[in-house]
>>> print(open('run.csv').read())   # CSV, C-alpha atoms
chain,number,residue,atom,x,y,z
A,5,ALA,CA,103.9,69.4,153.8
A,6,GLY,CA,102.4,66.0,154.4
A,7,MET,CA,100.2,67.3,157.3
A,8,ALA,CA,96.9,66.9,155.5
A,9,GLU,CA,95.0,63.6,155.3
A,10,LYS,CA,94.4,63.8,151.5
A,11,ASP,CA,92.7,60.4,151.3
A,12,VAL,CA,90.0,61.1,153.9
A,13,PRO,CA,86.6,62.0,152.2
A,14,LEU,CA,85.5,65.6,152.7
A,15,ASP,CA,82.0,66.4,153.9
A,16,PHE,CA,82.0,70.0,152.7
A,17,LEU,CA,83.0,72.0,149.7
A,18,VAL,CA,84.1,75.6,149.2
A,19,PHE,CA,83.3,77.3,145.9
A,20,ASP,CA,85.7,80.2,145.3
A,21,PHE,CA,84.9,82.9,142.7
A,22,ASP,CA,87.8,85.3,142.3
A,23,ASP,CA,87.6,88.4,140.2
A,24,ILE,CA,85.1,86.9,137.7
A,25,ASP,CA,84.1,89.9,135.5
A,26,GLY,CA,80.5,90.5,134.5
A,27,VAL,CA,78.9,87.6,136.5
A,28,SER,CA,76.4,88.1,139.3
A,29,LEU,CA,76.1,86.0,142.4
A,30,ASP,CA,72.7,84.9,141.3
A,31,GLN,CA,74.0,83.7,137.9
A,32,ALA,CA,76.9,81.8,139.6
A,33,GLU,CA,74.6,80.1,142.1
A,34,GLN,CA,72.0,79.2,139.4
A,35,ALA,CA,74.8,77.7,137.2
A,36,LEU,CA,75.8,75.4,140.0
A,37,ASN,CA,72.3,74.5,141.1
A,38,LEU,CA,72.9,76.1,144.5
A,39,THR,CA,69.8,78.3,144.8
A,40,ASP,CA,67.8,76.0,147.1
A,41,VAL,CA,70.7,74.6,149.1
A,42,SER,CA,71.6,75.7,152.6
A,43,ARG,CA,74.9,77.5,152.3
A,44,ILE,CA,77.3,80.1,153.7
A,45,ARG,CA,78.2,83.2,151.6
A,46,ALA,CA,81.4,85.0,152.5
A,47,TYR,CA,82.4,87.9,150.4
A,48,SER,CA,86.2,88.4,149.9
A,49,ALA,CA,88.0,91.5,151.1
A,50,SER,CA,88.2,92.9,147.6
A,51,SER,CA,84.5,92.5,146.8
A,52,GLY,CA,82.9,95.8,146.0
A,53,MET,CA,86.1,97.8,146.4
A,54,PRO,CA,87.4,100.3,143.7
A,55,GLY,CA,88.4,98.4,140.6
A,56,HIS,CA,86.3,95.3,141.6
A,57,GLU,CA,82.8,96.8,141.4
A,58,ASN,CA,81.7,94.5,138.6
A,59,ASP,CA,83.7,91.4,139.7
A,60,LEU,CA,82.4,88.4,141.6
A,61,ASN,CA,84.6,87.8,144.7
A,62,VAL,CA,82.9,85.4,147.1
A,63,HIS,CA,83.2,82.0,148.8
A,64,ILE,CA,80.2,79.7,149.0
A,65,ILE,CA,80.4,76.9,151.5
A,66,VAL,CA,78.1,73.8,151.4
A,67,VAL,CA,77.8,70.5,153.2
A,68,LEU,CA,78.0,67.5,150.9
A,69,THR,CA,75.3,64.8,151.0
A,70,VAL,CA,77.9,62.1,150.5
A,71,PRO,CA,81.5,62.9,151.5
A,72,LEU,CA,84.0,62.5,148.6
A,73,PRO,CA,87.8,62.3,148.4
A,74,ALA,CA,89.6,65.5,147.6
A,75,GLU,CA,90.9,64.2,144.3
A,76,MET,CA,87.4,63.5,143.1
A,77,LEU,CA,86.2,67.0,144.2
A,78,LYS,CA,89.1,68.6,142.4
A,79,ARG,CA,88.2,66.7,139.2
A,80,TRP,CA,84.6,67.7,139.6
A,81,LEU,CA,85.5,71.4,139.9
A,82,ARG,CA,87.6,71.2,136.8
A,83,HIS,CA,84.8,69.5,135.0
A,84,LYS,CA,82.3,72.3,136.0
A,85,ASN,CA,84.6,74.9,134.5
A,86,PHE,CA,84.2,73.2,131.1
A,87,GLU,CA,80.6,72.0,131.4
A,88,VAL,CA,79.0,75.4,132.5
A,89,ALA,CA,79.1,77.9,129.7
A,90,LEU,CA,79.2,80.8,132.2
A,91,PHE,CA,82.7,79.5,133.3
A,92,ASN,CA,83.9,77.9,130.1
A,93,ASN,CA,83.5,81.3,128.3
A,94,ARG,CA,85.8,82.9,130.9
A,95,LEU,CA,88.6,80.4,130.8
A,96,LEU,CA,92.0,82.0,130.1
A,97,PRO,CA,95.5,80.6,129.3
A,98,THR,CA,98.4,81.4,131.5
A,99,VAL,CA,101.0,83.8,130.2
A,100,ASN,CA,103.3,81.0,129.1
A,101,GLY,CA,100.6,78.9,127.6
A,102,HIS,CA,101.2,76.0,130.0
A,103,ALA,CA,97.9,75.8,131.8
A,104,LEU,CA,94.4,77.3,132.1
A,105,LYS,CA,93.2,79.9,134.6
A,106,TYR,CA,89.9,78.6,136.0
A,107,PRO,CA,87.1,81.1,137.0
A,108,LEU,CA,85.8,78.5,139.5
A,109,ASP,CA,88.9,77.8,141.5
A,110,VAL,CA,89.8,74.1,141.5
A,111,ALA,CA,92.4,74.3,144.3
A,112,LEU,CA,89.7,74.5,146.9
A,113,GLY,CA,89.2,70.7,146.5
A,114,GLU,CA,92.5,70.2,148.2
A,115,PRO,CA,92.3,69.4,151.9
A,116,SER,CA,95.5,71.3,152.7
A,117,ARG,CA,94.1,74.6,151.3
A,118,LEU,CA,93.4,77.2,153.9
A,119,VAL,CA,90.4,79.5,153.4
A,120,TYR,CA,90.3,82.8,155.4
A,121,ILE,CA,86.8,84.3,155.7
A,122,ALA,CA,87.2,86.6,158.6
A,123,PRO,CA,85.8,90.1,157.9
A,124,PRO,CA,88.4,92.6,156.8
A,125,VAL,CA,89.1,95.7,158.9
A,126,PHE,CA,88.4,99.1,157.2
A,127,GLN,CA,90.2,102.2,158.4
A,128,GLY,CA,89.8,105.9,157.8
A,129,GLU,CA,87.1,106.9,155.3
A,130,ILE,CA,86.9,103.6,153.6
A,131,ILE,CA,83.4,102.1,154.0
A,132,ASP,CA,82.8,98.4,154.0
A,133,PRO,CA,80.6,97.7,150.9
A,134,HIS,CA,79.3,94.5,152.6
A,135,TYR,CA,78.8,95.8,156.2
A,136,GLN,CA,75.4,94.2,156.2
A,137,ASP,CA,76.1,90.9,154.4
A,138,ARG,CA,79.8,90.1,154.6
A,139,ILE,CA,79.1,86.6,155.9
A,140,THR,CA,75.6,85.2,155.8
A,141,PHE,CA,73.9,81.8,156.2
A,142,ILE,CA,71.1,81.0,153.7
A,143,LYS,CA,68.8,78.2,154.7
A,144,GLY,CA,67.5,76.3,151.7
A,145,ASP,CA,65.1,73.5,151.1
A,146,ARG,CA,68.0,71.1,150.6
A,147,PRO,CA,70.3,71.0,153.7
A,148,THR,CA,73.1,69.4,151.6
A,149,TYR,CA,74.6,69.6,148.2
A,150,THR,CA,74.7,66.4,146.1
A,151,ILE,CA,77.5,65.5,143.7
A,152,ASP,CA,77.1,62.3,141.6
A,153,PRO,CA,80.5,60.6,141.6
A,154,ASP,CA,79.5,58.6,138.5
A,155,GLY,CA,79.3,61.9,136.6
A,156,ILE,CA,82.9,63.0,137.3
A,157,PRO,CA,85.2,62.5,134.3
A,158,THR,CA,88.5,60.5,134.6
A,159,ARG,CA,91.8,62.3,134.9
A,160,PRO,CA,92.8,61.3,131.3
A,161,ALA,CA,89.5,62.6,129.9
A,162,LEU,CA,90.0,65.9,131.8
A,163,THR,CA,93.5,66.2,130.6
A,164,ARG,CA,92.4,65.8,126.9
A,165,ARG,CA,89.7,68.4,127.4
A,166,THR,CA,92.1,70.8,129.1
A,167,ASN,CA,94.7,70.5,126.3
A,168,THR,CA,92.0,71.0,123.6
A,169,ARG,CA,90.6,74.1,125.3
A,170,LEU,CA,94.1,75.4,126.0
A,171,ASP,CA,95.1,75.1,122.3
A,172,GLU,CA,92.0,77.0,121.3
A,173,LEU,CA,92.6,79.8,123.8
A,174,CYS,CA,96.3,80.2,123.0
A,175,LEU,CA,95.4,80.6,119.4
A,176,VAL,CA,92.8,83.2,120.2
A,177,HIS,CA,95.1,85.2,122.5
A,178,ASN,CA,98.2,84.7,120.2
A,179,ILE,CA,100.2,82.9,122.8
A,180,ARG,CA,103.1,80.8,121.6
A,181,GLN,CA,102.7,77.4,123.3
A,182,PRO,CA,105.7,75.3,124.5
A,183,THR,CA,107.0,72.9,121.9
A,184,ASP,CA,106.4,69.9,124.2
A,185,ARG,CA,103.5,70.1,126.7
A,186,SER,CA,103.2,66.4,127.0
A,187,THR,CA,102.9,64.8,130.5
A,188,ARG,CA,103.9,61.5,131.8
A,189,GLN,CA,102.8,59.4,134.8
A,190,VAL,CA,105.5,58.5,137.3
A,191,LYS,CA,105.5,56.8,140.7
A,192,GLY,CA,105.7,59.5,143.3
A,193,TYR,CA,107.4,59.4,146.7
A,194,ASP,CA,103.9,58.8,148.3
A,195,GLY,CA,103.2,55.8,146.0
A,196,LEU,CA,100.6,57.7,144.0
A,197,PRO,CA,100.8,58.6,140.2
A,198,HIS,CA,101.7,62.2,139.4
A,199,ASP,CA,101.3,64.2,136.2
A,200,LEU,CA,104.6,65.9,135.2
A,201,ILE,CA,105.3,68.5,132.5
A,202,VAL,CA,108.2,67.0,130.6
A,203,SER,CA,109.4,70.4,129.1
A,204,PRO,CA,108.3,73.2,131.3
A,205,GLY,CA,110.7,75.7,129.7
A,206,GLU,CA,113.5,77.7,131.4
A,207,MET,CA,112.9,78.9,135.0
A,208,HIS,CA,115.0,80.3,137.8
A,209,ILE,CA,115.0,78.2,141.0
A,210,GLU,CA,116.4,79.3,144.4
A,211,GLN,CA,116.6,77.0,147.4
A,212,VAL,CA,115.0,78.4,150.5
A,213,SER,CA,115.3,75.7,153.1
A,214,HIS,CA,116.1,72.0,153.6
A,215,SER,CA,114.4,70.3,156.6
A,216,ASN,CA,112.2,67.4,157.6
A,217,GLY,CA,113.0,65.5,154.4
A,218,PHE,CA,111.8,68.3,152.1
A,219,VAL,CA,113.6,70.9,150.0
A,220,ARG,CA,111.6,74.2,149.7
A,221,ILE,CA,112.3,76.5,146.8
A,222,ASN,CA,111.3,79.8,145.1
A,223,VAL,CA,110.5,79.9,141.4
A,224,ASN,CA,111.2,82.7,139.0
A,225,ASN,CA,112.2,85.3,141.6
A,226,GLY,CA,109.2,84.6,143.8
A,227,ASP,CA,109.5,84.8,147.6
A,228,SER,CA,106.7,82.6,149.0
A,229,GLY,CA,108.7,79.4,149.4
A,230,ALA,CA,105.6,77.6,148.4
A,231,TYR,CA,107.3,75.0,146.1
A,232,TYR,CA,108.9,71.9,147.5
A,233,PHE,CA,110.0,68.4,146.7
A,234,PRO,CA,111.1,65.3,148.8
A,235,GLU,CA,114.9,65.4,149.3
A,236,ASN,CA,115.4,61.9,147.8
A,237,THR,CA,113.1,62.4,144.7
A,238,HIS,CA,114.2,65.7,143.2
A,239,ASP,CA,113.0,64.5,139.8
A,240,LEU,CA,109.4,64.6,141.0
>>> encode(input="run.csv", output="structure tokens")
Amino acid sequence: AGMAEKDVPLDFLVFDFDDIDGVSLDQAEQALNLTDVSRIRAYSASSGMPGHENDLNVHIIVVLTVPLPAEMLKRWLRHKNFEVALFNNRLLPTVNGHALKYPLDVALGEPSRLVYIAPPVFQGEIIDPHYQDRITFIKGDRPTYTIDPDGIPTRPALTRRTNTRLDELCLVHNIRQPTDRSTRQVKGYDGLPHDLIVSPGEMHIEQVSHSNGFVRINVNNGDSGAYYFPENTHDL
């Protein structure tokens, strides 16, 4: 925690497609205007494996024409999930109706996110479905990918669009939404505003560790220890 320079502009972007059913690589690249951009394709370990034959599982890495802060990149990725019909039609609500599942992963806009692209090891009679093209570099006419910062919606605008789409999808999937899904802005320990869910519903929390000014916890019987909060601001 706190080891990433989140305010430093990033000069590259990773597009992460994870288990997107019925979408080809060509369709995804065309939807994002990537077809003539120099890029690295790295298929995930699950790509082409039994049960995933028709799913798109791949990372696409591009260099940005103009470096942008991680917060802006994350907003841009969220915006693309709504703007591009290919992704918008595949948005899903989470089981509890609190949030959306994005076909185009928005978390890869975070500077602290690790991306593993090393080729997997296949043993026994299992054959690598991508033994010829697991990781490839495609040289395009455009060496870099351009994102217009003026075209990125504000956080409030994205929140409104998210809530509207979430309402629609919960109705379609017959998911009972929480009675209060409102958010509020507070001053965080780092001096930046944060969106908080006021009524997240009941959950089980177990403390894992307490060190270096942070308390790390597991939520709802998980075991990753991936959730944490500053020791002096437990309400954050």
>>> closest_residue(input="run.csv", among="A:Asp145, A:Glu87, A:Asp11, A:Glu210", to="Leu36 in chain A", atoms="all atoms listed in the file")
A:Glu87
>>> residues_near_point(input="run.csv", point="(82.9, 65.6, 139.6)", cutoff="7 Å", atoms="all atoms listed in the file", output="PyMOL selection string")
chain A and resi 76-77+79-81+83+151-153+155-157
>>> atom_distance(input="run.csv", atom1="CA of Gly128 in chain A", atom2="CA of Asp59 in chain A")
24.0 Å
>>> atom_distance(input="run.csv", atom1="CA of Arg159 in chain A", atom2="CA of Glu75 in chain A")
9.6 Å
>>> atom_distance(input="run.csv", atom1="CA of Asp40 in chain A", atom2="CA of Gly144 in chain A")
4.6 Å
>>> closest_residue(input="run.csv", among="A:Leu38, A:Met53, A:Ile24, A:Val70", to="Asp132 in chain A", atoms="only C-alpha atoms")
A:Met53
>>> residues_around(input="run.csv", residues="Val18 in chain A", least_positions_apart="4", cutoff="8 Å", atoms="only C-alpha atoms", output="ChimeraX atom specification")
/A:63-66,112-113
>>> closest_residue(input="run.csv", among="A:Val223, A:Tyr149, A:Ser213, A:Ser42", to="Glu235 in chain A", atoms="only C-alpha atoms")
A:Ser213
>>> closest_residue(input="run.csv", among="A:Val212, A:Val99, A:Ile130, A:Leu17", to="Gly52 in chain A", atoms="all atoms listed in the file")
A:Ile130
>>> closest_residue(input="run.csv", among="A:Ala103, A:Ala49, A:Leu14, A:Ala32", to="Phe126 in chain A", atoms="all atoms listed in the file")
A:Ala49
>>> closest_residue(input="run.csv", among="A:Pro73, A:Pro234, A:Gly55, A:Pro160", to="Gly217 in chain A", atoms="only C-alpha atoms")
A:Pro234
>>> residues_around(input="run.csv", residues="Leu90 in chain A", least_positions_apart="6", cutoff="9 Å", atoms="all atoms listed in the file", output="ChimeraX atom specification")
/A:27,31-32,35
>>> residues_near_point(input="run.csv", point="(81.0, 84.1, 149.2)", cutoff="12 Å", atoms="all atoms listed in the file", output="short mmCIF file (atom, residue, chain, number, x, y, z; two decimals) with C-alpha atoms, in the frame of the given file")
data_model
loop_
_atom_site.label_atom_id
_atom_site.label_comp_id
_atom_site.auth_asym_id
_atom_site.auth_seq_id
_atom_site.Cartn_x
_atom_site.Cartn_y
_atom_site.Cartn_z
CA VAL A 18 84.10 75.60 149.20
CA PHE A 19 83.30 77.30 145.90
CA ASP A 20 85.70 80.20 145.30
CA PHE A 21 84.90 82.90 142.70
CA ASP A 22 87.80 85.30 142.30
CA ASP A 23 87.60 88.40 140.20
CA SER A 28 76.40 88.10 139.30
CA LEU A 29 76.10 86.00 142.40
CA ASP A 30 72.70 84.90 141.30
CA ALA A 32 76.90 81.80 139.60
CA GLU A 33 74.60 80.10 142.10
CA ARG A 43 74.90 77.50 152.30
CA ILE A 44 77.30 80.10 153.70
CA ARG A 45 78.20 83.20 151.60
CA ALA A 46 81.40 85.00 152.50
CA TYR A 47 82.40 87.90 150.40
CA SER A 48 86.20 88.40 149.90
CA ALA A 49 88.00 91.50 151.10
CA SER A 50 88.20 92.90 147.60
CA SER A 51 84.50 92.50 146.80
CA LEU A 60 82.40 88.40 141.60
CA ASN A 61 84.60 87.80 144.70
CA VAL A 62 82.90 85.40 147.10
CA HIS A 63 83.20 82.00 148.80
CA ILE A 64 80.20 79.70 149.00
CA ILE A 65 80.40 76.90 151.50
CA VAL A 66 78.10 73.80 151.40
CA VAL A 119 90.40 79.50 153.40
CA TYR A 120 90.30 82.80 155.40
CA ILE A 121 86.80 84.30 155.70
CA ALA A 122 87.20 86.60 158.60
CA PRO A 123 85.80 90.10 157.90
CA HIS A 134 79.30 94.50 152.60
CA ASP A 137 76.10 90.90 154.40
CA ARG A 138 79.80 90.10 154.60
CA ILE A 139 79.10 86.60 155.90
CA THR A 140 75.60 85.20 155.80
CA PHE A 141 73.90 81.80 156.20
CA ILE A 142 71.10 81.00 153.70
#
>>> build_atoms(input="run.csv", residues="range 163-184 of chain A", atoms="N, CA and C atoms", output="PDB file, keeping the file's coordinate frame")
ATOM      1  N   THR A 163      92.303  65.729 131.150  1.00  0.00           N
ATOM      2  CA  THR A 163      93.500  66.200 130.600  1.00  0.00           C
ATOM      3  C   THR A 163      93.372  66.486 129.071  1.00  0.00           C
ATOM      4  N   ARG A 164      92.685  65.584 128.373  1.00  0.00           N
ATOM      5  CA  ARG A 164      92.400  65.800 126.900  1.00  0.00           C
ATOM      6  C   ARG A 164      91.594  67.045 126.720  1.00  0.00           C
ATOM      7  N   ARG A 165      90.560  67.213 127.527  1.00  0.00           N
ATOM      8  CA  ARG A 165      89.700  68.400 127.400  1.00  0.00           C
ATOM      9  C   ARG A 165      90.452  69.667 127.699  1.00  0.00           C
ATOM     10  N   THR A 166      91.284  69.602 128.723  1.00  0.00           N
ATOM     11  CA  THR A 166      92.100  70.800 129.100  1.00  0.00           C
ATOM     12  C   THR A 166      93.015  71.177 127.969  1.00  0.00           C
ATOM     13  N   ASN A 167      93.715  70.205 127.395  1.00  0.00           N
ATOM     14  CA  ASN A 167      94.700  70.500 126.300  1.00  0.00           C
ATOM     15  C   ASN A 167      93.964  71.059 125.087  1.00  0.00           C
ATOM     16  N   THR A 168      92.789  70.516 124.781  1.00  0.00           N
ATOM     17  CA  THR A 168      92.000  71.000 123.600  1.00  0.00           C
ATOM     18  C   THR A 168      91.611  72.455 123.825  1.00  0.00           C
ATOM     19  N   ARG A 169      91.072  72.751 125.012  1.00  0.00           N
ATOM     20  CA  ARG A 169      90.600  74.100 125.300  1.00  0.00           C
ATOM     21  C   ARG A 169      91.829  75.073 125.362  1.00  0.00           C
ATOM     22  N   LEU A 170      92.927  74.600 125.905  1.00  0.00           N
ATOM     23  CA  LEU A 170      94.100  75.400 126.000  1.00  0.00           C
ATOM     24  C   LEU A 170      94.655  75.770 124.615  1.00  0.00           C
ATOM     25  N   ASP A 171      94.652  74.802 123.706  1.00  0.00           N
ATOM     26  CA  ASP A 171      95.100  75.100 122.300  1.00  0.00           C
ATOM     27  C   ASP A 171      94.206  76.141 121.691  1.00  0.00           C
ATOM     28  N   GLU A 172      92.893  76.038 121.897  1.00  0.00           N
ATOM     29  CA  GLU A 172      92.000  77.000 121.300  1.00  0.00           C
ATOM     30  C   GLU A 172      92.233  78.416 121.854  1.00  0.00           C
ATOM     31  N   LEU A 173      92.412  78.532 123.167  1.00  0.00           N
ATOM     32  CA  LEU A 173      92.600  79.800 123.800  1.00  0.00           C
ATOM     33  C   LEU A 173      93.943  80.464 123.476  1.00  0.00           C
ATOM     34  N   CYS A 174      94.971  79.646 123.395  1.00  0.00           N
ATOM     35  CA  CYS A 174      96.300  80.200 123.000  1.00  0.00           C
ATOM     36  C   CYS A 174      96.262  80.738 121.605  1.00  0.00           C
ATOM     37  N   LEU A 175      95.511  80.090 120.735  1.00  0.00           N
ATOM     38  CA  LEU A 175      95.400  80.600 119.400  1.00  0.00           C
ATOM     39  C   LEU A 175      94.634  81.917 119.350  1.00  0.00           C
ATOM     40  N   VAL A 176      93.562  82.007 120.132  1.00  0.00           N
ATOM     41  CA  VAL A 176      92.800  83.200 120.200  1.00  0.00           C
ATOM     42  C   VAL A 176      93.589  84.399 120.760  1.00  0.00           C
ATOM     43  N   HIS A 177      94.376  84.122 121.794  1.00  0.00           N
ATOM     44  CA  HIS A 177      95.100  85.200 122.500  1.00  0.00           C
ATOM     45  C   HIS A 177      96.558  85.315 121.934  1.00  0.00           C
ATOM     46  N   ASN A 178      96.861  84.608 120.842  1.00  0.00           N
ATOM     47  CA  ASN A 178      98.200  84.700 120.200  1.00  0.00           C
ATOM     48  C   ASN A 178      99.316  84.436 121.146  1.00  0.00           C
ATOM     49  N   ILE A 179      99.158  83.354 121.898  1.00  0.00           N
ATOM     50  CA  ILE A 179     100.200  82.900 122.800  1.00  0.00           C
ATOM     51  C   ILE A 179     100.937  81.738 122.232  1.00  0.00           C
ATOM     52  N   ARG A 180     102.239  81.869 122.172  1.00  0.00           N
ATOM     53  CA  ARG A 180     103.100  80.800 121.600  1.00  0.00           C
ATOM     54  C   ARG A 180     103.205  79.695 122.698  1.00  0.00           C
ATOM     55  N   GLN A 181     102.697  78.518 122.383  1.00  0.00           N
ATOM     56  CA  GLN A 181     102.700  77.400 123.300  1.00  0.00           C
ATOM     57  C   GLN A 181     104.098  76.748 123.365  1.00  0.00           C
ATOM     58  N   PRO A 182     104.439  76.074 124.474  1.00  0.00           N
ATOM     59  CA  PRO A 182     105.700  75.300 124.500  1.00  0.00           C
ATOM     60  C   PRO A 182     105.697  74.220 123.475  1.00  0.00           C
ATOM     61  N   THR A 183     106.878  73.916 122.962  1.00  0.00           N
ATOM     62  CA  THR A 183     107.000  72.900 121.900  1.00  0.00           C
ATOM     63  C   THR A 183     106.601  71.535 122.361  1.00  0.00           C
ATOM     64  N   ASP A 184     106.756  71.260 123.644  1.00  0.00           N
ATOM     65  CA  ASP A 184     106.400  69.900 124.200  1.00  0.00           C
ATOM     66  C   ASP A 184     105.642  70.156 125.495  1.00  0.00           C
TER      67      ASP A 184
END
